[in-house]
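Down below is the structure, laid out as structure tokens.
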Amino acid sequence: MMTASRLYKSYLLVTGVTLIVLGLGNYLTAVFKVEHYQVTMAEIAPQVRTTASFSLNEERHYFPSEARERWEIARAKLDFYHVVLSVGRVMVGIGAVCAAIALLRRRRQSARLFHTGVARA
């Protein structure tokens with residue numbers, strides 16, 4: 001059985017566990033924020049004109065309304081949290097691979113030490 005002190009000495013295992021923890025934090029935060037901003041965008045949904053006007057004399061509005069601005073801000077934040085969600089998944093994956101490699105290395109070292117000790121006895 002591996003002792004905790006031997007496991008803590010493995011930088012690869014420590015890195016893997018750290019990446020898993022940080023990745024889970026990013027993932028969970030992003031899941032809740034993505035849901036929040038999707039609801040916000042649905043509530044603010046900008047009003048789209050149903051009639052198209054081709055009149056040259058019609059007054060044009062170049063400045064977005066407050067609702068449109070809020071929708072655009074929510075959209076930008078939603079895009080940001082989608083990136084955070086993806087990065088969280090990648091971090092968990094890389095961390096799991098690092099931790100697995102570190103545990104396999106430790107297991108091989110333990111097996112070698114055990115077989116070397118049995119052969120000498």
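Simple scheme: letters A, B, ... for chains in structure tokens order, numbers from 1 for residues in each chain, numbers from 1 for ligands in the order shown.
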
If we count only C-alpha atoms and set the cut-off at 7 Å, which residues sit around segment 13-15 of chain A, ignoring sequence neighbours fewer than 6 positions away in its own chain? Please answer as a ChimeraX atom specification. /A:95,98-99,102

Find the residues around segment 62-77 of chain A up to 10 Å (only C-alpha atoms counted), leave out those fewer than 6 positions away in its own chain, and share them as a PyMOL selection string. chain A and resi 33-34+36-47+83

Expected file contents, prior selection, C-alpha atoms, as a tab-separated table (two decimals), in the first residue's frame:
chain	number	residue	atom	x	y	z
A	33	LYS	CA	-23.65	30.79	-15.21
A	34	VAL	CA	-24.51	29.46	-18.68
A	36	HIS	CA	-28.42	31.88	-15.80
A	37	TYR	CA	-27.46	33.86	-18.90
A	38	GLN	CA	-29.58	31.67	-21.18
A	39	VAL	CA	-32.60	32.50	-19.02
A	40	THR	CA	-31.61	36.18	-19.00
A	41	MET	CA	-31.33	36.23	-22.78
A	42	ALA	CA	-34.72	34.56	-23.16
A	43	GLU	CA	-36.31	37.18	-20.88
A	44	ILE	CA	-34.70	40.13	-22.65
A	45	ALA	CA	-35.15	38.78	-26.20
A	46	PRO	CA	-34.87	41.81	-28.46
A	47	GLN	CA	-37.94	42.85	-30.36
A	83	VAL	CA	-15.17	28.99	-23.00

All residues 12 Å or closer to segment 17-22 of chain A, only C-alpha atoms, same chain fewer than 4 positions away omitted, as a CSV table (one decimal) with C-alpha atoms, in the first residue's frame:
chain,number,residue,atom,x,y,z
A,7,LEU,CA,2.1,10.1,-3.2
A,8,TYR,CA,2.7,13.7,-2.3
A,10,SER,CA,5.0,12.7,-7.1
A,11,TYR,CA,4.8,16.1,-8.8
A,12,LEU,CA,2.7,14.5,-11.6
A,13,LEU,CA,0.1,13.3,-9.2
A,26,ASN,CA,-14.5,26.0,-13.6
A,27,TYR,CA,-16.9,23.4,-15.0
A,28,LEU,CA,-19.5,23.8,-12.1
A,29,THR,CA,-19.3,27.6,-12.1
A,84,VAL,CA,-14.8,28.5,-19.2
A,85,LEU,CA,-16.9,25.4,-19.5
A,87,VAL,CA,-11.5,24.8,-20.4
A,88,GLY,CA,-12.8,23.1,-17.3
A,89,ARG,CA,-13.5,20.0,-19.2
A,90,VAL,CA,-10.0,20.0,-20.7
A,91,MET,CA,-8.4,20.6,-17.3
A,92,VAL,CA,-10.3,17.7,-15.8
A,93,GLY,CA,-9.2,15.4,-18.7
A,94,ILE,CA,-5.6,16.4,-18.5
A,95,GLY,CA,-5.6,16.1,-14.7
A,96,ALA,CA,-7.1,12.6,-14.9
A,97,VAL,CA,-4.4,11.5,-17.4
A,98,CYS,CA,-1.6,13.0,-15.2
A,99,ALA,CA,-3.0,11.4,-12.1
A,100,ALA,CA,-3.4,8.0,-13.8
A,101,ILE,CA,0.2,8.1,-15.2
A,102,ALA,CA,1.5,9.0,-11.7
A,103,LEU,CA,-0.4,6.2,-10.0

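Here atom CA of Gly16 of chain A and atom CA of His82 of chain A stand 22.9 Å from one another.
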